[in-house]
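S.K.: Handing over my_file_23.txt, compact mmCIF, C-alpha atoms.
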# COMPACT_ATOMS: atom_id res chain seq x y z
CA MET S 1 -5.63 56.59 4.23
CA LEU S 2 -2.03 56.89 3.13
CA TYR S 3 -2.98 56.20 -0.45
CA LEU S 4 -5.61 58.94 -0.30
CA MET S 5 -2.97 61.33 0.99
CA TYR S 6 -0.66 60.18 -1.75
CA GLY S 7 -3.37 61.08 -4.26
CA ILE S 8 -3.52 64.61 -2.94
CA PHE S 9 0.23 65.09 -2.83
CA ALA S 10 1.13 63.02 -5.88
CA PRO S 11 4.01 64.42 -7.94
CA ASN S 12 3.29 66.46 -11.03
CA LEU S 13 2.83 63.91 -13.80
CA ARG S 14 3.46 66.46 -16.55
CA PHE S 15 7.11 65.52 -16.31
CA LEU S 16 6.32 61.95 -17.25
CA GLY S 17 4.78 63.10 -20.53
CA THR S 18 7.88 64.84 -21.83
CA THR S 19 10.70 63.28 -23.78
CA ASN S 20 13.12 64.31 -21.05
CA VAL S 21 12.38 61.11 -19.22
CA THR S 22 15.40 58.93 -19.80
CA SER S 23 16.46 55.92 -17.82
CA ASN S 24 18.72 58.11 -15.74
CA ASN S 25 18.36 56.42 -12.38
CA SER S 26 21.59 57.72 -10.93
CA ASN S 27 19.88 60.73 -9.36
CA ARG S 28 16.74 58.91 -8.37
CA ARG S 29 16.13 58.60 -4.66
CA PRO S 30 16.10 54.90 -3.80
CA ARG S 31 13.13 53.65 -1.84
CA PRO S 32 14.46 52.62 1.56
CA GLU S 33 13.72 49.18 2.92
CA HIS S 34 13.33 50.36 6.51
CA PRO S 35 12.08 53.68 7.87
CA SER S 36 14.33 56.17 9.65
CA PRO S 37 15.02 55.05 13.20
CA VAL S 38 12.73 56.38 15.91
CA ARG S 39 12.77 56.20 19.71
CA HIS S 40 9.78 55.51 21.93
CA GLY S 41 7.68 54.55 18.96
CA PHE S 42 7.65 57.79 17.05
CA ILE S 43 10.30 60.40 18.05
CA PRO S 44 12.98 60.69 15.33
CA GLU S 45 16.40 59.46 16.36
CA GLU S 46 18.03 62.63 14.95
CA TRP S 47 16.31 64.73 17.57
CA PHE S 48 18.22 62.78 20.22
CA THR S 49 21.57 62.57 18.47
CA PHE S 50 21.39 66.32 17.83
CA PHE S 51 22.09 66.84 21.56
CA TYR S 52 24.90 64.32 21.84
CA PRO S 53 27.95 66.45 20.90
CA LYS S 54 27.08 69.09 23.54
CA THR S 55 25.26 67.26 26.29
CA GLY S 56 25.84 63.52 25.97
CA VAL S 57 23.15 60.90 25.90
CA THR S 58 21.04 62.27 28.77
CA GLY S 59 20.80 65.73 27.18
CA PRO S 60 17.66 65.15 25.13
CA TYR S 61 15.82 63.68 28.11
CA VAL S 62 16.89 66.56 30.35
CA PHE S 63 15.72 68.99 27.66
CA GLY S 64 12.43 67.20 27.18
CA GLY S 65 11.83 66.90 30.91
CA ALA S 66 12.71 70.54 31.52
CA LEU S 67 10.52 71.73 28.66
CA SER S 68 7.50 69.72 29.77
CA THR S 69 8.04 70.77 33.40
CA TYR S 70 8.10 74.39 32.26
CA LEU S 71 5.01 74.04 30.09
CA ILE S 72 3.03 72.24 32.79
CA SER S 73 4.30 74.38 35.66
CA LYS S 74 3.34 77.61 33.94
CA GLU S 75 0.14 75.96 32.73
CA ILE S 76 0.99 76.77 29.12
CA TYR S 77 0.02 73.16 28.69
CA VAL S 78 -3.12 72.87 30.80
CA LEU S 79 -3.74 69.48 32.35
CA GLU S 80 -7.48 69.41 31.65
CA HIS S 81 -9.68 66.34 31.32
CA GLU S 82 -8.49 65.64 27.76
CA PHE S 83 -4.94 65.12 29.05
CA TYR S 84 -6.02 62.29 31.35
CA SER S 85 -8.20 60.63 28.72
CA GLY S 86 -5.22 60.96 26.39
CA LEU S 87 -2.99 59.28 28.97
CA SER S 88 -5.34 56.29 29.28
CA LEU S 89 -5.66 56.10 25.49
CA ALA S 90 -1.87 56.20 25.20
CA ALA S 91 -1.56 53.38 27.76
CA VAL S 92 -4.05 51.23 25.84
CA LEU S 93 -2.29 52.00 22.56
CA ILE S 94 1.12 51.12 23.98
CA VAL S 95 -0.17 47.79 25.26
CA LEU S 96 -1.85 47.07 21.91
CA VAL S 97 1.25 47.96 19.91
CA LYS S 98 3.47 45.86 22.17
CA LYS S 99 1.10 42.87 22.10
CA LEU S 100 -0.14 42.92 18.49
CA GLY S 101 2.66 44.87 16.81
CA PRO S 102 5.03 42.00 15.96
CA SER S 103 2.35 39.69 14.54
CA VAL S 104 0.73 42.48 12.50
CA ALA S 105 4.17 43.55 11.25
CA ALA S 106 4.97 39.99 10.21
CA TYR S 107 1.64 39.67 8.42
CA LEU S 108 2.07 42.98 6.60
CA ASP S 109 5.69 42.17 5.70
CA LYS S 110 4.56 38.90 4.20
CA GLY S 111 1.86 40.76 2.28
CA ILE S 112 4.24 43.38 0.91
CA ASP S 113 6.75 40.68 -0.03
CA GLU S 114 4.10 38.81 -1.96
CA TYR S 115 2.90 42.01 -3.59
CA GLU S 116 6.42 42.91 -4.67
CA LYS S 117 7.09 39.38 -5.84
CA GLY S 118 3.94 39.58 -7.96
CA TRP S 119 5.09 42.78 -9.64
CA GLU S 120 8.63 41.49 -10.01
CA SER S 121 7.50 38.23 -11.54
CA SER S 122 5.20 40.02 -13.98
CA ARG S 123 8.10 42.30 -14.88
CA THR S 124 10.51 39.44 -15.46
CA GLU S 125 7.81 37.57 -17.38
CA GLN S 126 7.34 40.58 -19.61
CA ILE S 127 11.08 40.94 -20.14
CA LYS S 128 11.30 37.27 -21.01
CA ASP S 129 8.39 37.60 -23.44
CA LEU S 130 9.99 40.60 -25.10
CA GLU S 131 13.31 38.83 -25.31
CA THR S 132 11.73 35.85 -27.02
CA ALA S 133 9.94 38.26 -29.35
CA VAL S 134 13.27 39.91 -30.21
CA GLU S 135 14.84 36.52 -30.76
CA HIS S 136 11.94 35.52 -32.99
CA GLU S 137 12.23 38.75 -34.91
CA LYS S 138 15.95 38.19 -35.41
CA LYS S 139 15.27 34.68 -36.64
CA GLU S 140 12.67 36.09 -39.03
CA GLN S 141 15.22 38.57 -40.29
CA TRP S 142 17.68 35.74 -40.75
CA ARG S 143 15.03 33.86 -42.69
CA THR S 144 14.30 36.89 -44.81
CA ASP S 145 18.01 37.04 -45.59
CA GLY S 146 17.44 33.73 -47.38
CA GLN S 147 15.20 35.65 -49.79
CA LYS S 148 18.27 37.59 -50.86
CA MET S 149 19.99 34.33 -51.73
CA ILE S 150 16.94 33.20 -53.66
CA MET S 151 16.90 36.55 -55.44
CA GLU S 152 20.57 36.11 -56.36
CA ILE S 153 19.86 32.67 -57.69
CA LYS S 154 16.95 33.99 -59.72
CA LYS S 155 19.13 36.73 -61.15
CA GLU S 156 21.80 34.18 -62.02
CA ASN S 157 19.15 32.06 -63.64
CA ILE S 158 18.02 34.96 -65.77
CA HIS S 159 21.63 35.69 -66.70
CA MET S 160 22.04 32.10 -67.72
CA GLN S 161 18.89 32.26 -69.80
CA LEU S 162 20.10 35.43 -71.44
CA GLU S 163 23.46 33.83 -72.12
CA ALA S 164 21.76 30.80 -73.60
CA ALA S 165 19.57 32.96 -75.83
CA TYR S 166 22.62 34.94 -76.90
CA ARG S 167 24.53 31.80 -77.76
CA GLU S 168 21.56 30.36 -79.58
CA ARG S 169 21.30 33.47 -81.72
CA LEU S 170 25.02 33.45 -82.28
CA SER S 171 24.87 29.89 -83.53
CA HIS S 172 21.82 30.78 -85.61
CA VAL S 173 23.75 33.61 -87.24
CA TYR S 174 26.64 31.24 -87.85
CA GLN S 175 24.34 28.66 -89.40
CA GLU S 176 22.68 31.22 -91.61
CA VAL S 177 25.98 32.67 -92.80
CA LYS S 178 27.31 29.18 -93.41
CA LYS S 179 24.18 28.31 -95.38
CA ARG S 180 24.60 31.33 -97.58
CA LEU S 181 28.29 30.65 -98.09
CA ASP S 182 27.54 26.99 -98.82
CA TYR S 183 24.99 28.15 -101.37
CA GLN S 184 27.60 30.31 -103.02
CA VAL S 185 30.05 27.40 -103.08
CA HIS S 186 27.38 25.14 -104.54
CA LEU S 187 26.44 27.73 -107.09
CA GLN S 188 30.03 28.13 -108.23
CA ASP S 189 30.45 24.36 -108.37
CA ILE S 190 27.42 24.00 -110.55
CA GLU S 191 28.47 26.86 -112.76
CA ARG S 192 31.91 25.34 -113.16
CA LYS S 193 30.44 21.92 -113.91
CA LEU S 194 28.07 23.40 -116.44
CA ALA S 195 30.90 25.34 -118.07
CA GLN S 196 33.05 22.22 -118.18
CA LYS S 197 30.30 20.12 -119.59
CA HIS S 198 29.48 22.76 -122.13
CA MET S 199 33.07 23.17 -123.12
CA ALA S 200 33.58 19.37 -123.37
CA THR S 201 30.53 18.89 -125.61
CA TRP S 202 31.57 21.91 -127.67
CA ILE S 203 35.09 20.55 -128.17
CA VAL S 204 33.80 17.07 -128.91
CA ASP S 205 31.24 18.44 -131.37
CA ASN S 206 33.82 20.58 -133.07
CA VAL S 207 36.27 17.68 -133.27
CA LYS S 208 33.53 15.44 -134.66
CA LYS S 209 32.57 18.14 -137.11
CA SER S 210 36.19 18.47 -138.25
CA PHE S 211 36.36 14.76 -139.23
CA THR S 212 36.01 14.04 -143.01
CA PRO S 213 34.48 10.76 -144.25
CA GLU S 214 37.88 9.65 -145.58
CA GLN S 215 39.46 10.08 -142.23
CA GLU S 216 36.61 8.15 -140.70
CA GLN S 217 37.09 5.37 -143.11
CA ILE S 218 40.83 5.25 -142.39
CA VAL S 219 40.17 5.09 -138.62
CA LEU S 220 37.53 2.42 -139.06
CA ASN S 221 39.83 0.32 -141.15
CA ARG S 222 42.61 0.81 -138.68
CA CYS S 223 40.29 -0.33 -135.92
CA ILE S 224 39.23 -3.45 -137.74
CA SER S 225 42.85 -4.36 -138.45
CA ASP S 226 43.74 -3.76 -134.80
CA LEU S 227 40.93 -6.04 -133.72
CA GLN S 228 42.07 -8.72 -136.17
CA SER S 229 45.60 -8.56 -134.86
CA LEU S 230 44.24 -8.80 -131.35
CA VAL S 231 42.19 -11.83 -132.25
CA GLN S 232 45.25 -13.53 -133.78
CA LYS S 233 47.29 -12.82 -130.65
CA ALA S 234 44.60 -14.28 -128.39
CA MET H 1 6.47 80.21 -10.94
CA GLY H 2 2.79 79.36 -10.90
CA PHE H 3 0.89 76.48 -9.43
CA GLY H 4 2.16 73.04 -10.38
CA ASP H 5 5.46 74.35 -11.79
CA TYR H 6 8.85 73.05 -10.84
CA PRO H 7 11.25 75.26 -8.92
CA LYS H 8 13.23 77.60 -11.16
CA GLU H 9 16.53 75.95 -10.18
CA TYR H 10 15.38 72.48 -11.20
CA ASN H 11 16.92 71.27 -14.46
CA PRO H 12 15.89 67.75 -15.56
CA SER H 13 19.02 67.19 -17.65
CA VAL H 14 21.26 67.92 -14.65
CA HIS H 15 19.23 66.72 -11.69
CA GLY H 16 17.43 63.75 -13.23
CA PRO H 17 13.94 62.82 -12.09
CA TYR H 18 12.28 65.39 -9.89
CA ASP H 19 12.55 64.73 -6.17
CA PRO H 20 9.90 66.71 -4.31
CA ALA H 21 11.84 66.38 -1.05
CA ARG H 22 14.98 68.03 -2.42
CA TYR H 23 15.87 71.71 -2.41
CA TYR H 24 17.41 72.52 -5.80
CA GLY H 25 18.65 75.99 -4.91
CA PRO H 26 22.14 76.81 -3.60
CA GLN H 27 23.01 74.85 -0.47
CA ASP H 28 23.37 76.69 2.83
CA THR H 29 24.57 75.33 6.16
CA LYS H 30 22.05 72.96 7.68
CA PHE H 31 19.98 74.50 10.44
CA PHE H 32 21.08 71.87 12.96
CA ASP H 33 24.77 72.57 12.19
CA LEU H 34 24.47 76.30 12.99
CA LYS H 35 26.00 77.99 15.97
CA LEU H 36 23.54 80.03 18.03
CA GLY H 37 25.06 83.33 16.83
CA GLU H 38 24.63 82.41 13.18
CA VAL H 39 20.91 81.70 13.41
CA GLY H 40 19.91 85.34 12.78
CA ALA H 41 22.10 85.64 9.70
CA TRP H 42 20.83 82.28 8.49
CA PHE H 43 17.22 83.47 8.71
CA GLY H 44 18.28 86.66 6.94
CA ARG H 45 19.44 84.61 3.99
CA ARG H 46 16.14 82.73 3.67
CA GLN H 47 13.51 83.74 1.16
CA LYS H 48 10.37 84.89 2.91
CA THR H 49 7.83 84.80 0.10
CA PRO H 50 4.65 82.73 0.48
CA GLN H 51 5.85 80.49 -2.37
CA ALA H 52 9.13 79.79 -0.57
CA LEU H 53 7.21 78.96 2.61
CA ALA H 54 4.88 76.65 0.71
CA GLY H 55 7.89 75.04 -0.97
CA ALA H 56 9.59 74.50 2.38
CA ILE H 57 6.47 72.91 3.86
CA SER H 58 6.07 70.72 0.77
CA ARG H 59 9.69 69.55 0.92
CA CYS H 60 9.33 68.88 4.63
CA TRP H 61 6.21 66.82 3.97
CA TRP H 62 7.93 64.79 1.28
CA ARG H 63 11.04 64.27 3.39
CA TRP H 64 8.78 62.92 6.14
CA GLN H 65 7.01 60.71 3.60
CA HIS H 66 10.30 59.34 2.27
CA ASN H 67 11.68 58.72 5.74
CA TYR H 68 8.67 57.20 7.48
CA VAL H 69 5.76 56.44 5.13
CA HIS H 70 7.27 55.15 1.89
CA PRO H 71 9.85 52.64 3.17
CA LYS H 72 8.94 49.07 2.40
CA ARG H 73 8.84 47.83 5.98
CA THR H 74 7.65 50.96 7.71
CA GLY H 75 6.16 50.71 11.17
CA ILE H 76 3.48 52.50 13.13
CA ALA H 77 5.72 55.53 13.76
CA PRO H 78 4.25 57.80 11.05
CA PHE H 79 0.73 57.27 12.43
CA PHE H 80 1.85 58.26 15.92
CA GLN H 81 3.77 61.20 14.50
CA LEU H 82 0.68 62.40 12.67
CA ALA H 83 -1.43 61.91 15.79
CA VAL H 84 1.00 63.81 18.02
CA GLY H 85 1.41 66.52 15.41
CA GLY H 86 -2.36 66.83 15.21
CA MET H 87 -2.61 66.99 19.00
CA VAL H 88 -0.11 69.84 19.16
CA PHE H 89 -1.73 71.67 16.22
CA PHE H 90 -5.24 71.48 17.64
CA TYR H 91 -4.02 72.33 21.14
CA VAL H 92 -2.53 75.53 19.74
CA LEU H 93 -5.69 76.15 17.74
CA ASN H 94 -7.92 75.69 20.80
CA TYR H 95 -5.61 77.35 23.29
CA ASN H 96 -7.85 80.34 23.76
CA ARG H 97 -10.65 78.06 24.96
CA LEU H 98 -8.45 75.58 26.83
CA LYS H 99 -6.69 78.22 28.88
CA HIS H 100 -9.90 78.72 30.89
CA HIS H 101 -9.41 75.22 32.31
CA LYS H 102 -6.31 76.33 34.23
CA ASN H 103 -6.21 74.85 37.74
CA TYR H 104 -4.08 77.52 39.40
CA LYS H 105 -4.47 81.23 39.49
CA TYR H 106 -0.84 82.10 40.29
CA HIS H 107 2.26 80.52 38.72
I need this file expressed as structure tokens, please.
M.R.:
Amino acid sequence: MLYLMYGIFAPNLRFLGTTNVTSNNSNRRPRPEHPSPVRHGFIPEEWFTFFYPKTGVTGPYVFGGALSTYLISKEIYVLEHEFYSGLSLAAVLIVLVKKLGPSVAAYLDKGIDEYEKGWESSRTEQIKDLETAVEHEKKEQWRTDGQKMIMEIKKENIHMQLEAAYRERLSHVYQEVKKRLDYQVHLQDIERKLAQKHMATWIVDNVKKSFTPEQEQIVLNRCISDLQSLVQKA
Amino acid sequence: MGFGDYPKEYNPSVHGPYDPARYYGPQDTKFFDLKLGEVGAWFGRRQKTPQALAGAISRCWWRWQHNYVHPKRTGIAPFFQLAVGGMVFFYVLNYNRLKHHKNYKYH
């Protein structure tokens, strides 16, 4: 029944749909553990304590007694048949509440404790799950950070490759230049050799050409005499 | 202020979540703290529109709910309170018929 009434008087849920809902719990009314104190089963305690400063502790009872005496005496409250049936009903109810009240209360308290524990455990479970998810996500991020390292290494690798290619080309250029210079050196060598050879043969030819037969004869004779002297010495 | 609206004085950024049992307007002396002579002036200061009356009844209902129905380990008190309230309400409603059951002619 209470839940039905709650449905009728439920708070306006429009508020829950707006972005104004923050976790500002400071102004939220806490749900009390125990109800406000009552006397005689249902009369609020404040109605009694209201009289205390002026009349003391008997004041509320004097007021209540006087009021009911007045109402009954003037028959503003008429004691018809419903009053007596109400009295007997009240007596039965009081006996029932006194007899069954504690055990029912204990049963219901146990029920509400279990109910709350169920919600609480599901809540903590969910928080734990989310925390592990966050942890997992952080670990994944940490792992993804490794990709950066791999990327760096790859970049370095490419730089090294570029450097190697550069050096290879540099050495290629050096080799090519050296080859050309070597060719030039070779060429000059050959030219010089040719010139030398040519000059030598030219000189020799000219010298040979300048010899007369008499001179040749003289040299030949001289040679033969030299040889003879050599033979005698040996 | 139409149906389903919050009171004009309610400001979510100041007051936080809406509490249907709370009066968000300017605070006056509590009725129970009044002296007898101040009661007239106190009623003079009250708004007397139907909306204000409905608001007062609504707040009263929610205060009762918070005090007696919603607590975790509430007892049987709210049921008795509803029953007694209903008894008084229907007695007043039926008074014109019940008064013919009077037992005495002169009081």
S.K.: List every residue of chain S that has an atom at most 7 Å from any atom of chain H, and for each one report the closest atom pair and its distance in Å to one decimal, counting all atoms listed in the file, with rows sorted by chain and then by increasing residue number, as CSV.
M.R.:
residue,atom,partner,partner_atom,distance
S:Asn12,CA,H:Gly4,CA,6.7
S:Asn24,CA,H:Gly16,CA,6.3
S:Asn27,CA,H:Gly16,CA,5.5
S:Arg28,CA,H:Pro17,CA,6.1
S:Arg31,CA,H:Pro71,CA,6.1
S:Pro32,CA,H:Pro71,CA,4.9
S:Glu33,CA,H:Lys72,CA,4.8
S:His34,CA,H:Arg73,CA,5.2
S:Pro35,CA,H:Tyr68,CA,4.9
S:Ser36,CA,H:Asn67,CA,5.4
S:Gly41,CA,H:Ala77,CA,5.6
S:Phe42,CA,H:Ala77,CA,4.4
S:Lys74,CA,H:His107,CA,5.7
S:Glu75,CA,H:Lys102,CA,6.6
S:Val78,CA,H:Lys102,CA,5.8
S:Glu80,CA,H:His101,CA,6.2
S:Asp109,CA,H:Arg73,CA,6.5
S.K.: To one decimal in Å, tell me the separation between CA of Arg59 in chain H and CA of Pro7 in chain H.
M.R.: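 About the pair CA of Arg59 in chain H and CA of Pro7 in chain H: they are 11.5 Å apart.
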S.K.: Would you kindly return, as a list in words, each protein, DNA or RNA residue with an atom no farther than 10 Å from any atom of Gln51 in chain H, considering all atoms listed in the file and excluding same-chain residues fewer than 2 positions away?
M.R.: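 Counting all atoms listed in the file, the residues come to Met1, Gly2, Phe3, Pro7, Gln47, Lys48, Thr49, Leu53, Ala54, Gly55, Ala56 and Ile57 of chain H.
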S.K.: Expressed in Å to a single decimal, how great is the separation between CA of Arg45 in chain H and CA of Phe31 in chain H?
M.R.: 12.0 Å
S.K.: Report, in Å with one decimal, the straight-line distance from CA of Val57 in chain S to CA of Arg39 in chain S.
M.R.: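 Computing it gives 13.0 Å between the two atoms.
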